[in-house]
>>> print(open('entry-v1.pdb').read())   # PDB, N, CA and C atoms
ATOM      1  N   MET D 103     177.022 -41.187 -35.888
ATOM      2  CA  MET D 103     176.921 -42.476 -36.550
ATOM      3  C   MET D 103     175.479 -42.767 -36.982
ATOM      4  N   VAL D 104     174.533 -42.356 -36.157
ATOM      5  CA  VAL D 104     173.139 -42.575 -36.522
ATOM      6  C   VAL D 104     172.791 -41.783 -37.787
ATOM      7  N   GLY D 105     173.359 -40.596 -37.902
ATOM      8  CA  GLY D 105     173.126 -39.782 -39.099
ATOM      9  C   GLY D 105     173.630 -40.465 -40.360
ATOM     10  N   PHE D 106     174.829 -41.071 -40.286
ATOM     11  CA  PHE D 106     175.362 -41.796 -41.443
ATOM     12  C   PHE D 106     174.482 -42.998 -41.772
ATOM     13  N   TRP D 107     174.002 -43.675 -40.723
ATOM     14  CA  TRP D 107     173.139 -44.821 -40.941
ATOM     15  C   TRP D 107     171.856 -44.382 -41.635
ATOM     16  N   LEU D 108     171.256 -43.305 -41.151
ATOM     17  CA  LEU D 108     170.016 -42.819 -41.756
ATOM     18  C   LEU D 108     170.236 -42.355 -43.192
ATOM     19  N   LEU D 109     171.349 -41.689 -43.426
ATOM     20  CA  LEU D 109     171.661 -41.254 -44.786
ATOM     21  C   LEU D 109     171.824 -42.452 -45.708
ATOM     22  N   GLY D 110     172.545 -43.457 -45.266
ATOM     23  CA  GLY D 110     172.731 -44.657 -46.068
ATOM     24  C   GLY D 110     171.428 -45.384 -46.335
ATOM     25  N   TYR D 111     170.596 -45.465 -45.304
ATOM     26  CA  TYR D 111     169.298 -46.121 -45.462
ATOM     27  C   TYR D 111     168.424 -45.359 -46.455
ATOM     28  N   ALA D 112     168.368 -44.055 -46.290
ATOM     29  CA  ALA D 112     167.528 -43.242 -47.173
ATOM     30  C   ALA D 112     168.004 -43.329 -48.614
ATOM     31  N   LEU D 113     169.310 -43.272 -48.812
ATOM     32  CA  LEU D 113     169.836 -43.341 -50.175
ATOM     33  C   LEU D 113     169.618 -44.722 -50.781
ATOM     34  N   GLY D 114     169.792 -45.759 -49.984
ATOM     35  CA  GLY D 114     169.529 -47.111 -50.469
ATOM     36  C   GLY D 114     168.071 -47.317 -50.823
ATOM     37  N   PHE D 115     167.182 -46.789 -50.008
ATOM     38  CA  PHE D 115     165.754 -46.888 -50.283
ATOM     39  C   PHE D 115     165.393 -46.140 -51.559
ATOM     40  N   PHE D 116     165.959 -44.942 -51.719
ATOM     41  CA  PHE D 116     165.716 -44.170 -52.936
ATOM     42  C   PHE D 116     166.241 -44.912 -54.162
ATOM     43  N   ALA D 117     167.427 -45.511 -54.038
ATOM     44  CA  ALA D 117     167.982 -46.271 -55.165
ATOM     45  C   ALA D 117     167.077 -47.445 -55.516
ATOM     46  N   TRP D 118     166.482 -48.073 -54.503
ATOM     47  CA  TRP D 118     165.569 -49.184 -54.762
ATOM     48  C   TRP D 118     164.327 -48.687 -55.500
ATOM     49  N   LEU D 119     163.822 -47.516 -55.115
ATOM     50  CA  LEU D 119     162.630 -46.978 -55.759
ATOM     51  C   LEU D 119     162.853 -46.646 -57.229
ATOM     52  N   VAL D 120     164.016 -46.136 -57.559
ATOM     53  CA  VAL D 120     164.268 -45.699 -58.940
ATOM     54  C   VAL D 120     164.973 -46.764 -59.775
ATOM     55  N   ARG D 121     165.178 -47.935 -59.220
ATOM     56  CA  ARG D 121     165.952 -48.946 -59.935
ATOM     57  C   ARG D 121     165.283 -49.408 -61.223
ATOM     58  N   ALA D 122     163.976 -49.594 -61.222
ATOM     59  CA  ALA D 122     163.297 -50.112 -62.416
ATOM     60  C   ALA D 122     163.434 -49.169 -63.610
ATOM     61  N   PRO D 123     163.129 -47.870 -63.470
ATOM     62  CA  PRO D 123     163.309 -46.998 -64.635
ATOM     63  C   PRO D 123     164.764 -46.872 -65.076
ATOM     64  N   VAL D 124     165.657 -46.863 -64.111
ATOM     65  CA  VAL D 124     167.079 -46.740 -64.469
ATOM     66  C   VAL D 124     167.562 -48.009 -65.156
ATOM     67  N   ILE D 125     167.152 -49.167 -64.647
ATOM     68  CA  ILE D 125     167.547 -50.425 -65.289
ATOM     69  C   ILE D 125     167.001 -50.484 -66.709
ATOM     70  N   ASN D 126     165.759 -50.054 -66.908
ATOM     71  CA  ASN D 126     165.193 -50.036 -68.265
ATOM     72  C   ASN D 126     165.977 -49.111 -69.180
ATOM     73  N   ALA D 127     166.380 -47.956 -68.667
ATOM     74  CA  ALA D 127     167.140 -47.005 -69.489
ATOM     75  C   ALA D 127     168.523 -47.546 -69.820
ATOM     76  N   VAL D 128     169.170 -48.171 -68.849
ATOM     77  CA  VAL D 128     170.535 -48.669 -69.065
ATOM     78  C   VAL D 128     170.536 -49.905 -69.958
ATOM     79  N   THR D 129     169.502 -50.736 -69.870
ATOM     80  CA  THR D 129     169.470 -51.930 -70.722
ATOM     81  C   THR D 129     169.331 -51.573 -72.198
ATOM     82  N   HIS D 130     168.803 -50.393 -72.494
ATOM     83  CA  HIS D 130     168.743 -49.950 -73.896
ATOM     84  C   HIS D 130     170.131 -49.652 -74.441
ATOM     85  N   LEU D 131     171.100 -49.473 -73.547
ATOM     86  CA  LEU D 131     172.484 -49.252 -73.974
ATOM     87  C   LEU D 131     173.235 -50.563 -74.173
ATOM     88  N   GLY D 132     172.554 -51.681 -73.924
ATOM     89  CA  GLY D 132     173.177 -52.983 -74.140
ATOM     90  C   GLY D 132     173.763 -53.598 -72.883
ATOM     91  N   VAL D 133     173.454 -53.051 -71.714
ATOM     92  CA  VAL D 133     173.960 -53.582 -70.452
ATOM     93  C   VAL D 133     172.858 -54.448 -69.843
ATOM     94  N   SER D 134     173.238 -55.574 -69.240
ATOM     95  CA  SER D 134     172.233 -56.464 -68.652
ATOM     96  C   SER D 134     171.588 -55.823 -67.427
ATOM     97  N   GLY D 135     170.426 -56.320 -67.071
ATOM     98  CA  GLY D 135     169.704 -55.798 -65.910
ATOM     99  C   GLY D 135     170.466 -56.005 -64.617
ATOM    100  N   ASP D 136     171.160 -57.125 -64.487
ATOM    101  CA  ASP D 136     171.943 -57.374 -63.274
ATOM    102  C   ASP D 136     173.078 -56.369 -63.130
ATOM    103  N   VAL D 137     173.753 -56.092 -64.205
ATOM    104  CA  VAL D 137     174.850 -55.119 -64.168
ATOM    105  C   VAL D 137     174.300 -53.724 -63.879
ATOM    106  N   ALA D 138     173.160 -53.388 -64.445
ATOM    107  CA  ALA D 138     172.549 -52.083 -64.188
ATOM    108  C   ALA D 138     172.171 -51.950 -62.720
ATOM    109  N   GLY D 139     171.630 -53.002 -62.117
ATOM    110  CA  GLY D 139     171.322 -52.986 -60.685
ATOM    111  C   GLY D 139     172.562 -52.819 -59.846
ATOM    112  N   ALA D 140     173.642 -53.488 -60.242
ATOM    113  CA  ALA D 140     174.910 -53.342 -59.526
ATOM    114  C   ALA D 140     175.452 -51.921 -59.661
ATOM    115  N   LEU D 141     175.273 -51.310 -60.821
ATOM    116  CA  LEU D 141     175.714 -49.923 -61.005
ATOM    117  C   LEU D 141     174.959 -48.980 -60.074
ATOM    118  N   ILE D 142     173.658 -49.189 -59.942
ATOM    119  CA  ILE D 142     172.848 -48.343 -59.062
ATOM    120  C   ILE D 142     173.286 -48.518 -57.610
ATOM    121  N   THR D 143     173.474 -49.766 -57.186
ATOM    122  CA  THR D 143     173.894 -50.043 -55.818
ATOM    123  C   THR D 143     175.274 -49.462 -55.539
ATOM    124  N   GLY D 144     176.180 -49.624 -56.460
ATOM    125  CA  GLY D 144     177.520 -49.077 -56.289
ATOM    126  C   GLY D 144     177.522 -47.561 -56.217
ATOM    127  N   LEU D 145     176.701 -46.932 -57.030
ATOM    128  CA  LEU D 145     176.613 -45.475 -57.011
ATOM    129  C   LEU D 145     176.051 -44.990 -55.683
ATOM    130  N   ALA D 146     175.005 -45.636 -55.191
ATOM    131  CA  ALA D 146     174.424 -45.244 -53.906
ATOM    132  C   ALA D 146     175.433 -45.426 -52.777
ATOM    133  N   GLY D 147     176.144 -46.537 -52.768
ATOM    134  CA  GLY D 147     177.155 -46.776 -51.739
ATOM    135  C   GLY D 147     178.297 -45.782 -51.809
ATOM    136  N   SER D 148     178.719 -45.438 -53.014
ATOM    137  CA  SER D 148     179.829 -44.493 -53.141
ATOM    138  C   SER D 148     179.427 -43.097 -52.695
ATOM    139  N   VAL D 149     178.186 -42.716 -52.942
ATOM    140  CA  VAL D 149     177.714 -41.399 -52.481
ATOM    141  C   VAL D 149     177.697 -41.350 -50.955
ATOM    142  N   VAL D 150     177.215 -42.431 -50.324
ATOM    143  CA  VAL D 150     177.196 -42.479 -48.859
ATOM    144  C   VAL D 150     178.614 -42.378 -48.310
ATOM    145  N   MET D 151     179.548 -43.097 -48.892
ATOM    146  CA  MET D 151     180.933 -43.051 -48.418
ATOM    147  C   MET D 151     181.555 -41.675 -48.655
ATOM    148  N   LEU D 152     181.283 -41.074 -49.790
ATOM    149  CA  LEU D 152     181.821 -39.750 -50.082
ATOM    150  C   LEU D 152     181.318 -38.726 -49.073
ATOM    151  N   VAL D 153     180.033 -38.748 -48.792
ATOM    152  CA  VAL D 153     179.476 -37.821 -47.808
ATOM    153  C   VAL D 153     180.058 -38.104 -46.430
ATOM    154  N   GLY D 154     180.163 -39.367 -46.071
ATOM    155  CA  GLY D 154     180.715 -39.725 -44.769
ATOM    156  C   GLY D 154     182.151 -39.280 -44.582
ATOM    157  N   VAL D 155     182.990 -39.534 -45.563
ATOM    158  CA  VAL D 155     184.400 -39.144 -45.464
ATOM    159  C   VAL D 155     184.541 -37.625 -45.483
ATOM    160  N   THR D 156     183.737 -36.954 -46.297
ATOM    161  CA  THR D 156     183.797 -35.494 -46.342
ATOM    162  C   THR D 156     183.397 -34.887 -45.006
ATOM    163  N   LEU D 157     182.309 -35.376 -44.419
ATOM    164  CA  LEU D 157     181.898 -34.879 -43.106
ATOM    165  C   LEU D 157     182.917 -35.204 -42.026
ATOM    166  N   TRP D 158     183.462 -36.390 -42.062
ATOM    167  CA  TRP D 158     184.483 -36.792 -41.097
ATOM    168  C   TRP D 158     185.699 -35.881 -41.197
ATOM    169  N   SER D 159     186.124 -35.611 -42.414
ATOM    170  CA  SER D 159     187.280 -34.735 -42.628
ATOM    171  C   SER D 159     186.979 -33.317 -42.131
ATOM    172  N   TYR D 160     185.806 -32.828 -42.468
ATOM    173  CA  TYR D 160     185.427 -31.473 -42.050
ATOM    174  C   TYR D 160     185.340 -31.372 -40.534
ATOM    175  N   LEU D 161     184.715 -32.345 -39.924
ATOM    176  CA  LEU D 161     184.529 -32.304 -38.465
ATOM    177  C   LEU D 161     185.849 -32.506 -37.715
ATOM    178  N   SER D 162     186.756 -33.291 -38.256
ATOM    179  CA  SER D 162     188.024 -33.503 -37.565
ATOM    180  C   SER D 162     188.954 -32.309 -37.729
ATOM    181  N   ASN D 163     188.807 -31.529 -38.787
ATOM    182  CA  ASN D 163     189.633 -30.325 -38.972
ATOM    183  C   ASN D 163     189.120 -29.145 -38.185
ATOM    184  N   SER D 164     187.843 -29.110 -37.859
ATOM    185  CA  SER D 164     187.280 -27.954 -37.172
ATOM    186  C   SER D 164     187.443 -28.044 -35.658
ATOM    187  N   SER D 165     187.944 -29.164 -35.136
ATOM    188  CA  SER D 165     188.088 -29.310 -33.676
ATOM    189  C   SER D 165     189.321 -28.608 -33.176
TER
END
>>> encode(input="entry-v1.pdb", output="C-alpha cells")
Amino acid sequence: MVGFWLLGYALGFFAWLVRAPVINAVTHLGVSGDVAGALITGLAGSVVMLVGVTLWSYLSNSS
C-alpha cells in the first residue's frame, strides 16, 4: 500500500510540475485552462489506478 501511495504522490507531483506547459499547449486547441488542468489530473489518476489494478491482478494470480 505504501508503494501505491508513493507512486500516486510521485505521479501527482510530476503532473503538477508539467501542468503549465501542457495547459498552454492544450489552450491553443481551444480548451480552457481549467479543463486542461482537469485533463492532466484525470490522466495522472487513471495511470495510478491502472498500475495499481494491474499489480493487484498480477500479485493475486501468482499466489
>>> atom_distance(input="entry-v1.pdb", atom1="atom N of Thr143 of chain D", atom2="atom C of Leu108 of chain D")
16.2 Å
>>> atom_distance(input="entry-v1.pdb", atom1="atom N of Val104 of chain D", atom2="atom N of Gly144 of chain D")
21.6 Å
>>> atom_distance(input="entry-v1.pdb", atom1="atom C of Ala112 of chain D", atom2="atom N of Leu145 of chain D")
12.6 Å
>>> resolve_selection(input="entry-v1.pdb", expression="the PyMOL selection byres (((chain D and resi 132-142 and name CA) around 12) and name CA)", output="PyMOL selection string")
chain D and resi 113-131+143-149
>>> resolve_selection(input="entry-v1.pdb", expression="the PyMOL selection byres (((chain D and resi 154 and name CA) around 10) and name CA)", output="PyMOL selection string")
chain D and resi 103+105-107+109-110+148-153+155-160
>>> decode(input="entry-v1.pdb", residues="segment 140-156 of chain D", atoms="N, CA and C atoms", output="short mmCIF file (atom, residue, chain, number, x, y, z; two decimals), in the first residue's frame")
data_model
loop_
_atom_site.label_atom_id
_atom_site.label_comp_id
_atom_site.auth_asym_id
_atom_site.auth_seq_id
_atom_site.Cartn_x
_atom_site.Cartn_y
_atom_site.Cartn_z
N ALA D 140 -7.93 19.78 -15.46
CA ALA D 140 -8.71 18.59 -15.12
C ALA D 140 -8.27 17.39 -15.96
N LEU D 141 -7.93 17.62 -17.22
CA LEU D 141 -7.45 16.53 -18.07
C LEU D 141 -6.14 15.96 -17.53
N ILE D 142 -5.24 16.83 -17.09
CA ILE D 142 -3.96 16.38 -16.55
C ILE D 142 -4.18 15.58 -15.27
N THR D 143 -5.03 16.09 -14.38
CA THR D 143 -5.32 15.40 -13.12
C THR D 143 -5.98 14.05 -13.37
N GLY D 144 -6.92 14.02 -14.27
CA GLY D 144 -7.59 12.76 -14.60
C GLY D 144 -6.64 11.74 -15.20
N LEU D 145 -5.75 12.20 -16.05
CA LEU D 145 -4.78 11.29 -16.66
C LEU D 145 -3.84 10.72 -15.60
N ALA D 146 -3.35 11.57 -14.70
CA ALA D 146 -2.47 11.09 -13.64
C ALA D 146 -3.18 10.09 -12.74
N GLY D 147 -4.41 10.37 -12.37
CA GLY D 147 -5.18 9.45 -11.53
C GLY D 147 -5.46 8.14 -12.23
N SER D 148 -5.76 8.19 -13.52
CA SER D 148 -6.05 6.95 -14.24
C SER D 148 -4.81 6.09 -14.39
N VAL D 149 -3.66 6.71 -14.56
CA VAL D 149 -2.41 5.93 -14.65
C VAL D 149 -2.13 5.23 -13.32
N VAL D 150 -2.33 5.95 -12.21
CA VAL D 150 -2.12 5.33 -10.89
C VAL D 150 -3.06 4.16 -10.70
N MET D 151 -4.32 4.31 -11.06
CA MET D 151 -5.28 3.22 -10.91
C MET D 151 -4.95 2.05 -11.83
N LEU D 152 -4.55 2.33 -13.04
CA LEU D 152 -4.19 1.27 -13.98
C LEU D 152 -3.01 0.46 -13.45
N VAL D 153 -1.99 1.13 -12.97
CA VAL D 153 -0.84 0.43 -12.41
C VAL D 153 -1.25 -0.36 -11.18
N GLY D 154 -2.05 0.24 -10.32
CA GLY D 154 -2.50 -0.44 -9.11
C GLY D 154 -3.30 -1.70 -9.40
N VAL D 155 -4.26 -1.61 -10.30
CA VAL D 155 -5.09 -2.77 -10.63
C VAL D 155 -4.26 -3.84 -11.34
N THR D 156 -3.36 -3.42 -12.21
CA THR D 156 -2.51 -4.39 -12.90
C THR D 156 -1.62 -5.14 -11.92
#
